Amino acid sequence: MAGIRLDKYLADAGAGTRSQVKEKIRKGKVTVNGQPAKKPELKVDPASDVVEAEGIRFTFQKNRYYMLNKPGGCVSATEDASERTVLELLPANIRRGLFPVGRLDKDTEGLLLLTDDGPLAHRLLSPKKHVEKTYCARVEGSLGPEDVKAFAAGLDIGDEKPALPAKLQICGETDGICQVLITVSEGRYHQVKRMVAARGGRVIWLKRLSMGPLTLDERLAPGQYRKLTQEEMRLLGLDADGG
Ligand code: URA
């Protein structure tokens, strides 16, 4: 039988660390197909065996996917010598093997996908795929219809090539601060801040609302995360088992 060790299966499915899971197995809290399983090394078949720990069924996912509402003040990296990373917002047993799909600046908030699925990350980040990302920004300075046109035409932001056409939507202005939505289909360094700067404004707050088919779950407070739903996985072209 194609099999995975029971303790690995449960740890990968999020039931706890490997040692916590072993303890649960030893205490008889784990069943396979309804029968108590006492050996962590027991092989289970993810396709056909029903594994439960403390009465909760754990299904095996080839890959893991989490939506994070990134707060300001942490860096989009797996490790950093001096800064807090986005992965430190997750407990150690969940964070293992995950990485952020792309980077948001340290002060940028909002949607960040965390996964261990390299090919998916490549699909979402590849410059050839033009995956759309929408940001909400507060901008110091005034933006108007001429700026909407300039964004749509493709702005010169000081790189070799101008930025691809982008969508600027002006939502309102109060006390010299303009609130806008900006949709880009590239991921250049500081892209939104540089586009706004190219039109004489300054981004003072930035939050990513969507990336491709994924939209930030506004029920997630900054710093909170959750697993992607089956529908979100489907929108990303993934099977429910992460394949
Ligand atoms: N554009 C920026 O300028 N910063 C981000 O974090 C994301 C997009």
# chains A, B, ... in the order shown; residues from 1 in each chain; ligands from 1
>>> select_by_dssp(residues="segment 43-221 of chain A", states="helix (DSSP H, G or I)", output="JSON, numbers by chain")
{"A": [86, 87, 88, 89, 92, 93, 94, 95, 118, 119, 120, 121, 122, 123, 124, 125, 145, 146, 147, 148, 149, 150, 151, 152, 153, 191, 192, 193, 194, 195, 196, 197, 198]}
>>> residues_around(residues="segment 149-151 of chain A", least_positions_apart="3", cutoff="8 Å", atoms="only C-alpha atoms", output="list in words")
Pro145, Glu146, Gly154, Leu155, Pro165, Ala166, Lys167, Leu168 and Met195 of chain A
>>> write_last_selection(atoms="all heavy atoms", output="mmCIF file, in the first residue's frame")
data_model
loop_
_atom_site.group_PDB
_atom_site.id
_atom_site.type_symbol
_atom_site.label_atom_id
_atom_site.label_comp_id
_atom_site.auth_asym_id
_atom_site.auth_seq_id
_atom_site.Cartn_x
_atom_site.Cartn_y
_atom_site.Cartn_z
ATOM 1 N N PRO A 145 -8.397 63.173 -12.993
ATOM 2 C CA PRO A 145 -8.616 62.470 -14.267
ATOM 3 C C PRO A 145 -7.350 62.365 -15.134
ATOM 4 O O PRO A 145 -7.157 61.355 -15.834
ATOM 5 C CB PRO A 145 -9.680 63.325 -14.970
ATOM 6 C CG PRO A 145 -10.360 64.082 -13.874
ATOM 7 C CD PRO A 145 -9.358 64.268 -12.784
ATOM 8 N N GLU A 146 -6.472 63.383 -15.070
ATOM 9 C CA GLU A 146 -5.237 63.303 -15.871
ATOM 10 C C GLU A 146 -4.349 62.158 -15.382
ATOM 11 O O GLU A 146 -3.659 61.502 -16.164
ATOM 12 C CB GLU A 146 -4.449 64.635 -15.782
ATOM 13 C CG GLU A 146 -5.056 65.762 -16.573
ATOM 14 C CD GLU A 146 -5.338 65.360 -18.028
ATOM 15 O OE1 GLU A 146 -4.426 64.815 -18.671
ATOM 16 O OE2 GLU A 146 -6.480 65.562 -18.491
ATOM 17 N N GLY A 154 0.458 53.860 -19.073
ATOM 18 C CA GLY A 154 1.726 53.209 -18.702
ATOM 19 C C GLY A 154 2.733 54.254 -18.275
ATOM 20 O O GLY A 154 3.285 54.982 -19.108
ATOM 21 N N LEU A 155 2.985 54.313 -16.974
ATOM 22 C CA LEU A 155 3.824 55.383 -16.422
ATOM 23 C C LEU A 155 5.312 55.080 -16.523
ATOM 24 O O LEU A 155 5.734 53.931 -16.359
ATOM 25 C CB LEU A 155 3.496 55.559 -14.936
ATOM 26 C CG LEU A 155 2.208 56.263 -14.563
ATOM 27 C CD1 LEU A 155 1.937 56.076 -13.069
ATOM 28 C CD2 LEU A 155 2.327 57.747 -14.900
ATOM 29 N N PRO A 165 0.157 49.366 -18.479
ATOM 30 C CA PRO A 165 -1.053 50.125 -18.140
ATOM 31 C C PRO A 165 -1.679 49.621 -16.850
ATOM 32 O O PRO A 165 -1.747 48.415 -16.612
ATOM 33 C CB PRO A 165 -1.969 49.858 -19.338
ATOM 34 C CG PRO A 165 -1.023 49.624 -20.480
ATOM 35 C CD PRO A 165 0.161 48.900 -19.871
ATOM 36 N N ALA A 166 -2.090 50.555 -16.010
ATOM 37 C CA ALA A 166 -2.676 50.206 -14.709
ATOM 38 C C ALA A 166 -3.936 51.025 -14.514
ATOM 39 O O ALA A 166 -4.142 52.051 -15.170
ATOM 40 C CB ALA A 166 -1.676 50.501 -13.599
ATOM 41 N N LYS A 167 -4.782 50.531 -13.588
ATOM 42 C CA LYS A 167 -6.056 51.212 -13.372
ATOM 43 C C LYS A 167 -5.984 52.034 -12.075
ATOM 44 O O LYS A 167 -5.628 51.485 -11.022
ATOM 45 C CB LYS A 167 -7.149 50.147 -13.264
ATOM 46 C CG LYS A 167 -8.537 50.704 -13.318
ATOM 47 C CD LYS A 167 -9.532 49.554 -13.478
ATOM 48 C CE LYS A 167 -10.894 49.980 -13.005
ATOM 49 N NZ LYS A 167 -11.789 48.860 -12.803
ATOM 50 N N LEU A 168 -6.305 53.307 -12.194
ATOM 51 C CA LEU A 168 -6.383 54.173 -11.008
ATOM 52 C C LEU A 168 -7.831 54.607 -10.853
ATOM 53 O O LEU A 168 -8.439 55.131 -11.795
ATOM 54 C CB LEU A 168 -5.497 55.410 -11.217
ATOM 55 C CG LEU A 168 -5.664 56.532 -10.194
ATOM 56 C CD1 LEU A 168 -5.193 56.112 -8.810
ATOM 57 C CD2 LEU A 168 -4.894 57.786 -10.637
ATOM 58 N N MET A 195 4.659 54.560 -8.767
ATOM 59 C CA MET A 195 3.690 55.076 -9.753
ATOM 60 C C MET A 195 3.036 56.351 -9.225
ATOM 61 O O MET A 195 2.881 57.331 -9.956
ATOM 62 C CB MET A 195 2.626 54.006 -10.041
ATOM 63 C CG MET A 195 3.150 52.850 -10.859
ATOM 64 S SD MET A 195 1.970 51.494 -10.881
ATOM 65 C CE MET A 195 1.223 51.769 -12.430
#
>>> closest_residue(among="A:Pro127, A:Gly97, A:Gly72, A:Gly176", to="Leu111 of chain A", atoms="only C-alpha atoms")
A:Gly72
>>> closest_residue(among="A:Thr229, A:Gln179, A:Gln224, A:Thr108", to="ligand 1", atoms="only C-alpha atoms and all ligand atoms")
A:Thr108
>>> residues_near_ligand(ligand="ligand 1", cutoff="9 Å", atoms="only C-alpha atoms and all ligand atoms", output="PyMOL selection string")
chain A and resi 103-109+133+135+184+187-196+203+206-208
>>> closest_residue(among="A:Lys27, A:Leu68, A:Val131, A:Ala81", to="Pro100 of chain A", atoms="only C-alpha atoms")
A:Leu68
>>> residues_around(residues="Tyr65 of chain A", least_positions_apart="2", cutoff="8 Å", atoms="only C-alpha atoms", output="count of residues only")
9
>>> atom_distance(atom1="atom CA of Ile170 of chain A", atom2="atom CA of Thr134 of chain A")
13.1 Å
>>> residues_around(residues="Pro222 of chain A", least_positions_apart="5", cutoff="6 Å", atoms="only C-alpha atoms", output="PyMOL selection string")
chain A and resi 69-71
>>> closest_residue(among="A:Leu214, A:Ala13, A:Ile182, A:Ala221", to="Leu235 of chain A", atoms="only C-alpha atoms")
A:Leu214
>>> atom_distance(atom1="atom CA of Leu216 of chain A", atom2="atom CA of Val180 of chain A")
16.9 Å
>>> atom_distance(atom1="atom CA of Cys74 of chain A", atom2="atom CA of Asp159 of chain A")
26.7 Å
>>> select_by_dssp(residues="segment 63-197 of chain A", states="strand (DSSP E or B)", output="CSV table (one decimal) with N, CA and C atoms, in the first residue's frame")
chain,number,residue,atom,x,y,z
A,65,TYR,N,-2.1,26.0,2.1
A,65,TYR,CA,-2.3,27.4,1.6
A,65,TYR,C,-3.0,28.2,2.7
A,66,TYR,N,-2.4,29.3,3.1
A,66,TYR,CA,-3.0,30.2,4.1
A,66,TYR,C,-3.1,31.6,3.5
A,67,MET,N,-4.2,32.3,3.9
A,67,MET,CA,-4.4,33.7,3.6
A,67,MET,C,-4.1,34.4,4.9
A,68,LEU,N,-3.2,35.4,4.7
A,68,LEU,CA,-2.8,36.2,5.9
A,68,LEU,C,-3.2,37.7,5.6
A,69,ASN,N,-3.7,38.3,6.6
A,69,ASN,CA,-3.8,39.8,6.5
A,69,ASN,C,-2.6,40.4,7.1
A,70,LYS,N,-1.6,40.7,6.3
A,70,LYS,CA,-0.3,41.1,6.8
A,70,LYS,C,-0.5,42.5,7.5
A,75,VAL,N,8.3,41.9,7.8
A,75,VAL,CA,8.8,41.8,6.4
A,75,VAL,C,8.4,40.5,5.8
A,85,THR,N,9.3,38.6,10.8
A,85,THR,CA,8.8,38.1,9.5
A,85,THR,C,7.4,37.8,9.6
A,99,PHE,N,6.2,29.7,2.7
A,99,PHE,CA,6.9,30.9,2.3
A,99,PHE,C,5.8,31.9,1.8
A,100,PRO,N,6.1,33.2,1.8
A,100,PRO,CA,5.1,34.1,1.3
A,100,PRO,C,5.2,34.2,-0.3
A,109,GLU,N,0.1,46.6,4.2
A,109,GLU,CA,-0.8,45.7,4.9
A,109,GLU,C,-1.5,44.8,3.8
A,110,GLY,N,-2.2,43.9,4.3
A,110,GLY,CA,-3.2,43.2,3.4
A,110,GLY,C,-2.9,41.8,3.0
A,111,LEU,N,-3.5,41.4,1.9
A,111,LEU,CA,-3.5,40.0,1.4
A,111,LEU,C,-2.1,39.5,1.1
A,112,LEU,N,-1.7,38.4,1.8
A,112,LEU,CA,-0.5,37.7,1.4
A,112,LEU,C,-0.8,36.2,1.5
A,113,LEU,N,-0.5,35.5,0.5
A,113,LEU,CA,-0.7,34.1,0.4
A,113,LEU,C,0.6,33.4,1.0
A,114,LEU,N,0.4,32.5,1.9
A,114,LEU,CA,1.5,31.7,2.4
A,114,LEU,C,1.3,30.3,2.0
A,115,THR,N,2.3,29.6,1.4
A,115,THR,CA,2.1,28.3,0.9
A,115,THR,C,3.5,27.5,0.9
A,133,LYS,N,-3.2,42.7,-9.3
A,133,LYS,CA,-3.2,42.9,-7.9
A,133,LYS,C,-3.9,44.3,-7.6
A,134,THR,N,-4.8,44.3,-6.7
A,134,THR,CA,-5.5,45.6,-6.4
A,134,THR,C,-5.1,46.1,-5.0
A,135,TYR,N,-4.7,47.3,-5.0
A,135,TYR,CA,-4.3,47.9,-3.7
A,135,TYR,C,-5.2,49.1,-3.4
A,136,CYS,N,-5.5,49.3,-2.1
A,136,CYS,CA,-6.1,50.6,-1.6
A,136,CYS,C,-5.0,51.4,-1.1
A,137,ALA,N,-4.9,52.7,-1.5
A,137,ALA,CA,-3.8,53.5,-1.0
A,137,ALA,C,-4.4,54.9,-0.5
A,138,ARG,N,-3.8,55.4,0.5
A,138,ARG,CA,-4.0,56.8,0.9
A,138,ARG,C,-2.8,57.6,0.4
A,139,VAL,N,-3.1,58.7,-0.3
A,139,VAL,CA,-2.0,59.4,-1.0
A,139,VAL,C,-2.1,60.9,-0.6
A,140,GLU,N,-0.9,61.3,-0.2
A,140,GLU,CA,-0.7,62.8,0.1
A,140,GLU,C,-0.6,63.5,-1.2
A,167,LYS,N,-4.8,50.5,-13.6
A,167,LYS,CA,-6.1,51.2,-13.4
A,167,LYS,C,-6.0,52.0,-12.1
A,168,LEU,N,-6.3,53.3,-12.2
A,168,LEU,CA,-6.4,54.2,-11.0
A,168,LEU,C,-7.8,54.6,-10.9
A,169,GLN,N,-8.4,54.3,-9.7
A,169,GLN,CA,-9.8,54.7,-9.4
A,169,GLN,C,-9.7,55.7,-8.2
A,170,ILE,N,-10.3,56.9,-8.3
A,170,ILE,CA,-10.2,57.8,-7.2
A,170,ILE,C,-11.5,57.7,-6.4
A,171,CYS,N,-11.3,57.4,-5.1
A,171,CYS,CA,-12.5,57.1,-4.3
A,171,CYS,C,-12.9,58.4,-3.5
A,172,GLY,N,-12.0,59.3,-3.2
A,172,GLY,CA,-12.4,60.5,-2.5
A,172,GLY,C,-11.2,61.2,-2.0
A,173,GLU,N,-11.4,62.4,-1.5
A,173,GLU,CA,-10.3,63.3,-1.0
A,173,GLU,C,-10.8,64.0,0.2
A,174,THR,N,-10.0,63.9,1.3
A,174,THR,CA,-10.3,64.7,2.5
A,174,THR,C,-9.0,65.3,3.0
A,177,ILE,N,-5.7,64.4,1.5
A,177,ILE,CA,-5.4,63.0,1.4
A,177,ILE,C,-6.4,62.4,0.5
A,178,CYS,N,-5.9,61.7,-0.5
A,178,CYS,CA,-6.7,61.1,-1.6
A,178,CYS,C,-6.7,59.6,-1.3
A,179,GLN,N,-7.9,59.0,-1.4
A,179,GLN,CA,-8.0,57.6,-1.2
A,179,GLN,C,-8.3,57.0,-2.6
A,180,VAL,N,-7.4,56.0,-3.0
A,180,VAL,CA,-7.5,55.5,-4.4
A,180,VAL,C,-7.5,54.0,-4.4
A,181,LEU,N,-7.9,53.4,-5.5
A,181,LEU,CA,-7.7,51.9,-5.7
A,181,LEU,C,-6.8,51.9,-6.9
A,182,ILE,N,-5.8,51.0,-6.9
A,182,ILE,CA,-4.9,50.9,-8.0
A,182,ILE,C,-4.7,49.4,-8.3
A,183,THR,N,-4.9,49.1,-9.6
A,183,THR,CA,-4.8,47.7,-10.0
A,183,THR,C,-3.6,47.6,-11.0
A,184,VAL,N,-2.6,46.8,-10.7
A,184,VAL,CA,-1.5,46.6,-11.5
A,184,VAL,C,-1.4,45.1,-11.9
>>> closest_residue(among="A:Gly118, A:Lys38, A:Gly237, A:Gln230", to="Val101 of chain A", atoms="only C-alpha atoms")
A:Gly118
>>> closest_residue(among="A:Arg226, A:Arg199, A:Lys43, A:Arg234", to="Gly144 of chain A", atoms="only C-alpha atoms")
A:Arg199
>>> residues_around(residues="segment 22-26 of chain A", least_positions_apart="5", cutoff="9 Å", atoms="only C-alpha atoms", output="VMD selection string")
chain A and resid 6 to 7 17 31 36 to 40 53 to 54
